[in-house]
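**Student:** The structure under discussion is supplied below as structure tokens; questions concerning it will follow.
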Amino acid sequence: MNERDLKYFCSLVETGNYTATATKFHVTQPAISAALRRLEEEYQAVLLTQANHRAQPSGPTSNDGSGADLVY
């Protein structure tokens, strides 16, 4: 895990969109996906789910959608 991966995750939670997150950080969508996979492997948990073409937090971050700010 690194700070960049956490920033990507926080942005993904805020926007719910891989494209918007990739654009914000000037990286490709696969880079965002890889960062999310690294975090999920480290925490051994599914952090986001896909619904209606949007990435949505799962688990403790799903309370109000701003739980990612806790790791920021």
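All residue names refer to the structure tokens as shown: chains lettered A, B, ... in order, residues numbered from 1 in each chain, ligands numbered from 1 in order.
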If we count only C-alpha atoms and set the cut-off at 7 Å, which residues sit around stretch 10-18 of chain A, ignoring sequence neighbours fewer than 2 positions away in its own chain? Please answer as a JSON list (two decimals) with all heavy atoms, in the first residue's frame.
**Tutor:**
[["chain", "number", "residue", "atom", "x", "y", "z"],
["A", 6, "LEU", "N", -4.15, 5.05, -1.91],
["A", 6, "LEU", "CA", -5.21, 5.56, -1.04],
["A", 6, "LEU", "C", -5.89, 6.78, -1.63],
["A", 6, "LEU", "O", -7.11, 6.93, -1.54],
["A", 6, "LEU", "CB", -4.65, 5.89, 0.35],
["A", 6, "LEU", "CG", -4.22, 4.69, 1.19],
["A", 6, "LEU", "CD1", -3.55, 5.16, 2.47],
["A", 6, "LEU", "CD2", -5.39, 3.78, 1.49],
["A", 7, "LYS", "N", -5.12, 7.65, -2.27],
["A", 7, "LYS", "CA", -5.71, 8.83, -2.92],
["A", 7, "LYS", "C", -6.62, 8.40, -4.07],
["A", 7, "LYS", "O", -7.71, 8.96, -4.25],
["A", 7, "LYS", "CB", -4.62, 9.77, -3.42],
["A", 7, "LYS", "CG", -3.95, 10.53, -2.30],
["A", 7, "LYS", "CD", -2.92, 11.50, -2.83],
["A", 7, "LYS", "CE", -2.30, 12.28, -1.68],
["A", 7, "LYS", "NZ", -1.33, 13.27, -2.15],
["A", 8, "TYR", "N", -6.18, 7.42, -4.85],
["A", 8, "TYR", "CA", -7.01, 6.90, -5.93],
["A", 8, "TYR", "C", -8.31, 6.34, -5.35],
["A", 8, "TYR", "O", -9.40, 6.59, -5.88],
["A", 8, "TYR", "CB", -6.30, 5.79, -6.71],
["A", 8, "TYR", "CG", -5.13, 6.21, -7.55],
["A", 8, "TYR", "CD1", -4.30, 5.25, -8.13],
["A", 8, "TYR", "CD2", -4.80, 7.54, -7.78],
["A", 8, "TYR", "CE1", -3.23, 5.59, -8.92],
["A", 8, "TYR", "CE2", -3.72, 7.90, -8.57],
["A", 8, "TYR", "CZ", -2.92, 6.91, -9.13],
["A", 8, "TYR", "OH", -1.86, 7.24, -9.91],
["A", 20, "ALA", "N", -13.32, 9.28, -14.33],
["A", 20, "ALA", "CA", -13.12, 10.58, -13.68],
["A", 20, "ALA", "C", -11.89, 10.54, -12.77],
["A", 20, "ALA", "O", -11.10, 11.49, -12.73],
["A", 20, "ALA", "CB", -14.35, 10.98, -12.88],
["A", 21, "THR", "N", -11.72, 9.44, -12.06],
["A", 21, "THR", "CA", -10.56, 9.30, -11.18],
["A", 21, "THR", "C", -9.27, 9.25, -11.99],
["A", 21, "THR", "O", -8.29, 9.93, -11.66],
["A", 21, "THR", "CB", -10.70, 8.05, -10.29],
["A", 21, "THR", "OG1", -11.86, 8.20, -9.48],
["A", 21, "THR", "CG2", -9.48, 7.85, -9.42],
["A", 22, "ALA", "N", -9.26, 8.48, -13.05],
["A", 22, "ALA", "CA", -8.07, 8.39, -13.90],
["A", 22, "ALA", "C", -7.72, 9.74, -14.50],
["A", 22, "ALA", "O", -6.55, 10.15, -14.52],
["A", 22, "ALA", "CB", -8.29, 7.35, -15.00],
["A", 29, "GLN", "N", -7.18, 4.10, -16.74],
["A", 29, "GLN", "CA", -8.14, 3.36, -15.93],
["A", 29, "GLN", "C", -7.53, 2.07, -15.36],
["A", 29, "GLN", "O", -7.78, 1.75, -14.19],
["A", 29, "GLN", "CB", -9.39, 3.05, -16.74],
["A", 29, "GLN", "CG", -10.22, 4.26, -17.04],
["A", 29, "GLN", "CD", -11.43, 3.93, -17.90],
["A", 29, "GLN", "OE1", -11.83, 2.80, -18.04],
["A", 29, "GLN", "NE2", -12.02, 4.98, -18.48],
["A", 32, "ILE", "N", -5.85, 2.69, -12.08],
["A", 32, "ILE", "CA", -6.78, 2.83, -10.96],
["A", 32, "ILE", "C", -7.23, 1.44, -10.50],
["A", 32, "ILE", "O", -7.26, 1.15, -9.30],
["A", 32, "ILE", "CB", -8.00, 3.70, -11.35],
["A", 32, "ILE", "CG1", -7.56, 5.09, -11.81],
["A", 32, "ILE", "CG2", -9.00, 3.78, -10.21],
["A", 32, "ILE", "CD1", -6.78, 5.89, -10.79],
["A", 54, "ARG", "N", -21.44, 2.35, -11.62],
["A", 54, "ARG", "CA", -20.76, 3.19, -10.64],
["A", 54, "ARG", "C", -20.05, 2.31, -9.62],
["A", 54, "ARG", "O", -20.58, 1.29, -9.21],
["A", 54, "ARG", "CB", -21.74, 4.11, -9.92],
["A", 54, "ARG", "CG", -22.36, 5.16, -10.85],
["A", 54, "ARG", "CD", -23.11, 6.23, -10.14],
["A", 54, "ARG", "NE", -22.37, 6.96, -9.13],
["A", 54, "ARG", "CZ", -21.55, 7.99, -9.36],
["A", 54, "ARG", "NH1", -21.33, 8.38, -10.58],
["A", 54, "ARG", "NH2", -20.97, 8.61, -8.36],
["A", 55, "ALA", "N", -18.88, 2.74, -9.20],
["A", 55, "ALA", "CA", -18.17, 2.05, -8.13],
["A", 55, "ALA", "C", -18.74, 2.55, -6.81],
["A", 55, "ALA", "O", -18.83, 3.75, -6.58],
["A", 55, "ALA", "CB", -16.68, 2.36, -8.22],
["A", 56, "GLN", "N", -19.17, 1.62, -5.98],
["A", 56, "GLN", "CA", -19.76, 1.99, -4.70],
["A", 56, "GLN", "C", -19.01, 1.30, -3.58],
["A", 56, "GLN", "O", -18.63, 0.14, -3.71],
["A", 56, "GLN", "CB", -21.24, 1.61, -4.67],
["A", 56, "GLN", "CG", -22.05, 2.32, -5.71],
["A", 56, "GLN", "CD", -23.50, 1.89, -5.70],
["A", 56, "GLN", "OE1", -23.82, 0.76, -5.38],
["A", 56, "GLN", "NE2", -24.37, 2.81, -6.06],
["A", 57, "PRO", "N", -18.80, 1.99, -2.48],
["A", 57, "PRO", "CA", -18.07, 1.38, -1.36],
["A", 57, "PRO", "C", -18.85, 0.20, -0.78],
["A", 57, "PRO", "O", -20.07, 0.19, -0.77],
["A", 57, "PRO", "CB", -17.97, 2.50, -0.32],
["A", 57, "PRO", "CG", -18.62, 3.69, -0.89],
["A", 57, "PRO", "CD", -19.21, 3.35, -2.20],
["A", 65, "GLY", "N", -20.81, 7.17, 2.38],
["A", 65, "GLY", "CA", -20.04, 7.44, 1.19],
["A", 65, "GLY", "C", -18.79, 8.27, 1.44],
["A", 65, "GLY", "O", -18.03, 8.50, 0.52],
["A", 68, "ALA", "N", -14.07, 6.98, 3.15],
["A", 68, "ALA", "CA", -12.71, 6.99, 2.63],
["A", 68, "ALA", "C", -11.91, 8.15, 3.19],
["A", 68, "ALA", "O", -10.69, 8.09, 3.26],
["A", 68, "ALA", "CB", -12.74, 7.06, 1.12],
["A", 69, "ASP", "N", -12.58, 9.20, 3.60],
["A", 69, "ASP", "CA", -11.87, 10.35, 4.16],
["A", 69, "ASP", "C", -11.12, 9.99, 5.43],
["A", 69, "ASP", "O", -10.16, 10.67, 5.79],
["A", 69, "ASP", "CB", -12.85, 11.50, 4.47],
["A", 69, "ASP", "CG", -13.43, 12.10, 3.20],
["A", 69, "ASP", "OD1", -12.77, 12.00, 2.15],
["A", 69, "ASP", "OD2", -14.53, 12.65, 3.27]]
**Student:** Interatomic distance between atom CA of A:His26 and atom CA of A:Val46?
**Tutor:**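 Between these atoms lies a distance of 25.0 Å.
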**Student:** I need the residues of stretch 2-59 of chain A that end up classed as strand (DSSP E) by DSSP on the backbone, written out as an MDAnalysis selection string.
**Tutor:** chainID A and resid 48:51 54:57
**Student:** Contacts of A:Glu42 at 12 Å or less, counting only C-alpha atoms, minus same-chain residues fewer than 4 places along, as number ranges by chain?
**Tutor:** A: 1-2, 5-6, 35-38, 46-47
